[in-house]
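Chemist: First the structure, which I've put down as structure tokens, then a few questions once you've had a look.
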Amino acid sequence: MLLAIDVGNTNTVFAVHDGESWIAQWRSATDSTRTADEYAVWLSQLCQLDGVAMKEFHSCIISTVVPQARFNFRNLARRYLNVDPMFIGEEGVDLGVPIRIKRPEQAGADRLVNAVGAHVQYPGALVVVDSGTATTFDVVGPDGGFEGGIISPGINLSLRALHDAAASLPRIAIERPPSVIGKDTVSAMQSGIFLAYVDLIDGLIRRIKKEYAEPMTIIGTGGVASLFEGVSEEIDHFDSDVTIRGLLEIYNRNKPS
């Protein structure tokens with residue numbers, strides 16, 4: 001079995017593939033100080049609950065945007081899974097797609113994995129909108145090439161900044177407001193955060209489409225993408241498995257014969 005790990009700034013996703021399908025998936029808060037031993041205890045308990053045997057893991061692939069976490073995840077794989085993990089971005093790991101930006105080494109591992117995961121599922125030119133700590137808009141060419149994109153603050157980050165900077169504004173849950181014009185502080189904040197983000201997403205997608213000048217399919221993914229389902233007018237498909245699908249594809253392209 002393959003253990004795929006996607007380490008984001010806020011959350012880390014662990015997913016298990018048995019060679020035919022994904023059989024388990026768990027999410028943990030990202031903590032770069034958590035040791036391999038602590039992760040092993042947590043992972044072994046979840047494996048037991050889902051009837052997965054850690055001793056059956058034969059391989060591990062990891063994507064991380066948190067450099068400080070590499071050491072502990074490498075130790076987790078080596079000490080508790082008895083495998084040498086494959087890291088996205090390390091020498092010898094071929095993504096199988098061209099990277100068409102001025103500084104390819106600056107492309108985030110998560111964005112490249114998303115490009116691969118989206119391309120194997122959807123034909124033609126794509127935009128992958130990944131809503132997490134940051135909201136990223138990544139353009140994928142018809143051949144799967146990574147062509148650049150946009151990075152903006154995530155919705156939770158903006159909400160936290162508003163609360164932290166304004167003494168009288170409360171911390172609120174992100175919800176669709178009952179009307180555009182808020183009738184109290186909470187509904188006014190919900191309108192200013194939620195609807196502004198929907199318009200940010202749809203507006204930037206329209207600008208990308210205009211500049212790219214050929215038909216594009218828009219894919220929404222990420223930890224908070226479900227907030228915008230049924231509200232965004234531009235996102236064609238919401239797909240929570242883009243990243244782990246990309247990790248599986250990259251592993252298959254690089255696994256020993």
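To be explicit about the labels: the chains of the structure tokens are called A, B, and onward in the order shown, and within each one the residues are counted from 1, while ligands get numbers from 1 in the order they are shown.
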May I have the residues within 7 Å of region 119-132 of chain A as a PyMOL selection string, using only C-alpha atoms and disregarding those fewer than 6 positions away in the same chain?

Modeler: chain A and resi 138-142+144+154+215-225

Chemist: Store the residues picked out above in a file with C-alpha atoms, as a JSON list (two decimals), in the first residue's frame.

Modeler:
[["chain", "number", "residue", "atom", "x", "y", "z"],
["A", 138, "ASP", "CA", -2.93, 27.71, -11.22],
["A", 139, "VAL", "CA", -3.09, 27.58, -15.00],
["A", 140, "VAL", "CA", -2.50, 24.16, -16.56],
["A", 141, "GLY", "CA", -1.99, 23.88, -20.30],
["A", 142, "PRO", "CA", -3.69, 21.26, -22.49],
["A", 144, "GLY", "CA", -0.46, 19.33, -18.49],
["A", 154, "GLY", "CA", -6.99, 32.63, 2.02],
["A", 215, "PRO", "CA", -11.57, 27.47, -23.52],
["A", 216, "MET", "CA", -10.70, 26.49, -19.95],
["A", 217, "THR", "CA", -12.22, 24.19, -17.32],
["A", 218, "ILE", "CA", -12.16, 25.50, -13.76],
["A", 219, "ILE", "CA", -11.55, 23.08, -10.87],
["A", 220, "GLY", "CA", -12.10, 23.99, -7.21],
["A", 221, "THR", "CA", -10.24, 22.10, -4.50],
["A", 222, "GLY", "CA", -8.68, 22.62, -1.07],
["A", 223, "GLY", "CA", -9.70, 22.61, 2.56],
["A", 224, "VAL", "CA", -12.37, 25.32, 2.36],
["A", 225, "ALA", "CA", -13.41, 24.97, -1.29]]

Chemist: Among region 65-147 of chain A, which ones does DSSP place in strand (DSSP E), written as a list in words?

Modeler: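 These are the residues in question: Met86, Phe87, Ala125, Leu126, Val127, Val128, Val129, Asp130, Ser131, Ala134, Thr135, Thr136, Phe137, Asp138, Val139, Val140, Phe146 and Glu147 of chain A.
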
Chemist: Include N, CA and C atoms and write out the residues we just selected as an mmCIF file, in the first residue's frame.

Modeler:
data_model
loop_
_atom_site.group_PDB
_atom_site.id
_atom_site.type_symbol
_atom_site.label_atom_id
_atom_site.label_comp_id
_atom_site.auth_asym_id
_atom_site.auth_seq_id
_atom_site.Cartn_x
_atom_site.Cartn_y
_atom_site.Cartn_z
ATOM 1 N N MET A 86 9.501 9.341 -1.034
ATOM 2 C CA MET A 86 9.708 10.129 -2.238
ATOM 3 C C MET A 86 9.158 11.532 -1.970
ATOM 4 N N PHE A 87 10.001 12.563 -2.069
ATOM 5 C CA PHE A 87 9.583 13.938 -1.828
ATOM 6 C C PHE A 87 9.429 14.691 -3.145
ATOM 7 N N ALA A 125 -7.236 22.864 -21.357
ATOM 8 C CA ALA A 125 -6.636 23.858 -20.466
ATOM 9 C C ALA A 125 -7.475 23.983 -19.195
ATOM 10 N N LEU A 126 -6.792 24.198 -18.066
ATOM 11 C CA LEU A 126 -7.467 24.205 -16.768
ATOM 12 C C LEU A 126 -7.011 25.375 -15.915
ATOM 13 N N VAL A 127 -7.864 25.742 -14.967
ATOM 14 C CA VAL A 127 -7.453 26.567 -13.835
ATOM 15 C C VAL A 127 -7.820 25.786 -12.580
ATOM 16 N N VAL A 128 -6.832 25.561 -11.711
ATOM 17 C CA VAL A 128 -7.078 24.877 -10.441
ATOM 18 C C VAL A 128 -7.103 25.931 -9.337
ATOM 19 N N VAL A 129 -8.262 26.089 -8.699
ATOM 20 C CA VAL A 129 -8.416 27.046 -7.608
ATOM 21 C C VAL A 129 -8.342 26.266 -6.299
ATOM 22 N N ASP A 130 -7.249 26.440 -5.576
ATOM 23 C CA ASP A 130 -7.019 25.707 -4.328
ATOM 24 C C ASP A 130 -7.213 26.670 -3.158
ATOM 25 N N SER A 131 -8.279 26.433 -2.379
ATOM 26 C CA SER A 131 -8.626 27.333 -1.274
ATOM 27 C C SER A 131 -8.137 26.747 0.040
ATOM 28 N N ALA A 134 -3.632 29.963 1.746
ATOM 29 C CA ALA A 134 -3.670 30.901 0.624
ATOM 30 C C ALA A 134 -4.680 30.372 -0.382
ATOM 31 N N THR A 135 -5.176 31.251 -1.234
ATOM 32 C CA THR A 135 -6.004 30.813 -2.360
ATOM 33 C C THR A 135 -5.153 30.956 -3.610
ATOM 34 N N THR A 136 -4.888 29.832 -4.261
ATOM 35 C CA THR A 136 -4.049 29.857 -5.454
ATOM 36 C C THR A 136 -4.876 29.534 -6.689
ATOM 37 N N PHE A 137 -4.513 30.173 -7.787
ATOM 38 C CA PHE A 137 -5.143 29.957 -9.088
ATOM 39 C C PHE A 137 -4.030 29.514 -10.027
ATOM 40 N N ASP A 138 -4.015 28.246 -10.413
ATOM 41 C CA ASP A 138 -2.926 27.710 -11.221
ATOM 42 C C ASP A 138 -3.418 27.324 -12.604
ATOM 43 N N VAL A 139 -2.731 27.830 -13.608
ATOM 44 C CA VAL A 139 -3.089 27.577 -15.002
ATOM 45 C C VAL A 139 -2.322 26.360 -15.500
ATOM 46 N N VAL A 140 -3.069 25.401 -16.035
ATOM 47 C CA VAL A 140 -2.496 24.160 -16.560
ATOM 48 C C VAL A 140 -2.813 24.088 -18.047
ATOM 49 N N PHE A 146 2.589 23.337 -16.369
ATOM 50 C CA PHE A 146 2.273 24.366 -15.367
ATOM 51 C C PHE A 146 2.683 25.718 -15.937
ATOM 52 N N GLU A 147 1.706 26.619 -16.091
ATOM 53 C CA GLU A 147 1.958 27.859 -16.814
ATOM 54 C C GLU A 147 1.914 29.104 -15.936
#

Chemist: Nearest to Ile150 (chain A): which of A:Ala213, A:Ile208, A:Leu81, A:Val52 is it, counting only C-alpha atoms?

Modeler: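 For Ile150 (chain A), the nearest of the candidates is A:Ile208.
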
Chemist: Have a look at A:Glu234, A:Asp110, A:Asp184, A:Glu175 and name the one nearest to Leu200 (chain A); count only C-alpha atoms.

Modeler: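 Checking each candidate against Leu200 (chain A), we get A:Glu234 as the closest.
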
Chemist: Find the residues around region 106-108 of chain A up to 12 Å (only C-alpha atoms counted), leave out those fewer than 3 positions away in its own chain, and share them as number ranges by chain.

Modeler: A: 7-9, 63-67, 88-89, 98-103, 111-115, 134, 136, 138, 146-151

Chemist: Can you spit out the residues from that selection as a compact mmCIF listing (two decimals), in the first residue's frame, using C-alpha atoms?

Modeler:
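Printed below is part-v9.txt as written:
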# COMPACT_ATOMS: atom_id res chain seq x y z
CA VAL A 7 1.76 18.80 4.21
CA GLY A 8 0.09 22.21 3.94
CA ASN A 9 0.59 25.32 6.03
CA SER A 63 4.49 16.89 -0.79
CA THR A 64 5.24 19.70 1.66
CA VAL A 65 5.24 23.50 1.64
CA VAL A 66 6.68 23.49 5.18
CA PRO A 67 10.44 22.87 4.89
CA ILE A 88 8.09 16.21 -4.49
CA GLY A 89 10.77 18.63 -5.64
CA PRO A 98 6.83 21.00 -18.25
CA ILE A 99 7.04 23.98 -15.89
CA ARG A 100 6.67 27.16 -17.95
CA ILE A 101 7.52 29.93 -15.50
CA LYS A 102 10.58 32.16 -15.22
CA ARG A 103 11.83 30.53 -12.01
CA ARG A 111 0.73 23.71 -6.95
CA LEU A 112 2.70 21.33 -9.17
CA VAL A 113 1.01 18.28 -7.66
CA ASN A 114 -2.39 19.91 -8.24
CA ALA A 115 -1.49 20.54 -11.88
CA ALA A 134 -3.67 30.90 0.62
CA THR A 136 -4.05 29.86 -5.45
CA ASP A 138 -2.93 27.71 -11.22
CA PHE A 146 2.27 24.37 -15.37
CA GLU A 147 1.96 27.86 -16.81
CA GLY A 148 1.82 30.07 -13.73
CA GLY A 149 -1.00 31.60 -11.79
CA ILE A 150 -2.08 33.81 -8.91
CA ILE A 151 -1.58 33.69 -5.13

Chemist: Go through A:Thr35, A:Arg207, A:Ala40, A:Arg253 and flag the residue nearest Ala69 (chain A), using only C-alpha atoms for the distances.

Modeler: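 Nearest to Ala69 (chain A): A:Thr35.
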
Chemist: Between A:Leu46, A:Val41, A:Ile250, A:Ala4, which is the closest to His17 (chain A) once you count only C-alpha atoms?

Modeler: A:Ala4

Chemist: Can you list, as a list in words, every protein, DNA or RNA residue that comes within 10 Å of Val180 (chain A) when you count only C-alpha atoms, leaving out same-chain residues fewer than 3 positions away?

Modeler: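 Contacts, in chain order: Arg176, Pro177, Lys183, Ser187, Ala188, Gln190, Ser191, Gly192 and Leu195 of chain A.
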
Chemist: Go ahead and compute the interatomic distance for CA of Leu159 (chain A) and CA of Gly182 (chain A), in Å to one decimal.

Modeler: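 Going from CA of Leu159 (chain A) over to CA of Gly182 (chain A) covers 16.1 Å.
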
Chemist: Based on DSSP run over this structure's backbone, return all residues of region 76-225 of chain A in helix (DSSP H, G or I), as a PyMOL selection string.

Modeler: chain A and resi 76-80+104-106+109-119+155-165+185-212+225

Chemist: Write out as a ChimeraX atom specification the residues lying within 10 Å of Tyr80 (chain A), counting only C-alpha atoms and excluding same-chain residues fewer than 3 positions away.

Modeler: /A:36-37,39-41,44,54-55,57,75-77,83

Chemist: Can you write out the residues you just picked, keeping N, CA and C atoms, as an mmCIF file, in the first residue's frame?

Modeler:
data_model
loop_
_atom_site.group_PDB
_atom_site.id
_atom_site.type_symbol
_atom_site.label_atom_id
_atom_site.label_comp_id
_atom_site.auth_asym_id
_atom_site.auth_seq_id
_atom_site.Cartn_x
_atom_site.Cartn_y
_atom_site.Cartn_z
ATOM 1 N N ALA A 36 8.536 12.513 14.690
ATOM 2 C CA ALA A 36 8.159 11.291 13.980
ATOM 3 C C ALA A 36 7.456 10.325 14.918
ATOM 4 N N ASP A 37 7.905 10.255 16.157
ATOM 5 C CA ASP A 37 7.283 9.360 17.134
ATOM 6 C C ASP A 37 5.829 9.763 17.402
ATOM 7 N N TYR A 39 3.827 11.481 15.385
ATOM 8 C CA TYR A 39 3.039 11.163 14.196
ATOM 9 C C TYR A 39 2.756 9.669 14.113
ATOM 10 N N ALA A 40 3.728 8.854 14.491
ATOM 11 C CA ALA A 40 3.557 7.402 14.410
ATOM 12 C C ALA A 40 2.451 6.922 15.349
ATOM 13 N N VAL A 41 2.396 7.475 16.560
ATOM 14 C CA VAL A 41 1.343 7.099 17.503
ATOM 15 C C VAL A 41 -0.021 7.474 16.947
ATOM 16 N N SER A 44 -0.838 5.280 13.792
ATOM 17 C CA SER A 44 -1.130 3.882 14.104
ATOM 18 C C SER A 44 -2.533 3.717 14.684
ATOM 19 N N MET A 54 -0.162 -0.810 9.347
ATOM 20 C CA MET A 54 0.987 0.010 8.961
ATOM 21 C C MET A 54 2.101 -0.823 8.345
ATOM 22 N N LYS A 55 2.213 -2.080 8.749
ATOM 23 C CA LYS A 55 3.277 -2.933 8.225
ATOM 24 C C LYS A 55 3.094 -3.245 6.741
ATOM 25 N N PHE A 57 2.400 -0.928 4.450
ATOM 26 C CA PHE A 57 2.846 0.185 3.609
ATOM 27 C C PHE A 57 4.177 -0.186 2.966
ATOM 28 N N ASN A 75 11.764 10.843 8.845
ATOM 29 C CA ASN A 75 11.994 9.883 9.930
ATOM 30 C C ASN A 75 10.796 8.976 10.143
ATOM 31 N N LEU A 76 9.584 9.539 10.031
ATOM 32 C CA LEU A 76 8.374 8.728 10.168
ATOM 33 C C LEU A 76 8.387 7.580 9.162
ATOM 34 N N ALA A 77 8.674 7.908 7.898
ATOM 35 C CA ALA A 77 8.665 6.876 6.858
ATOM 36 C C ALA A 77 9.778 5.850 7.062
ATOM 37 N N VAL A 83 10.470 2.491 4.830
ATOM 38 C CA VAL A 83 10.597 2.874 3.421
ATOM 39 C C VAL A 83 11.317 4.220 3.345
#

Chemist: I'd like the contact shell of Ile193 (chain A) - 8 Å cut-off, only C-alpha atoms, skipping same-chain residues fewer than 6 positions apart - returned as an MDAnalysis selection string.

Modeler: chainID A and resid 155 158:159 174

Chemist: Could you check how far CA of Ala167 (chain A) sits from CA of Asp199 (chain A), in Å to one decimal?

Modeler: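 For CA of Ala167 (chain A) relative to CA of Asp199 (chain A), the distance reads 26.5 Å.
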
Chemist: Within 6 Å of region 24-33 of chain A, counting only C-alpha atoms, which residues show up once you throw out same-chain ones fewer than 3 positions away? Write them as a JSON list (two decimals) with C-alpha atoms, in the first residue's frame, please.

Modeler:
[["chain", "number", "residue", "atom", "x", "y", "z"],
["A", 10, "THR", "CA", -2.57, 24.66, 8.05],
["A", 11, "ASN", "CA", -3.47, 20.99, 7.62],
["A", 12, "THR", "CA", -1.71, 17.76, 6.67],
["A", 13, "VAL", "CA", -3.60, 15.06, 4.76],
["A", 14, "PHE", "CA", -2.65, 11.38, 4.98],
["A", 15, "ALA", "CA", -4.20, 9.09, 2.34],
["A", 16, "VAL", "CA", -3.82, 5.35, 1.79],
["A", 68, "GLN", "CA", 10.84, 22.44, 8.65],
["A", 69, "ALA", "CA", 8.54, 19.39, 8.54]]
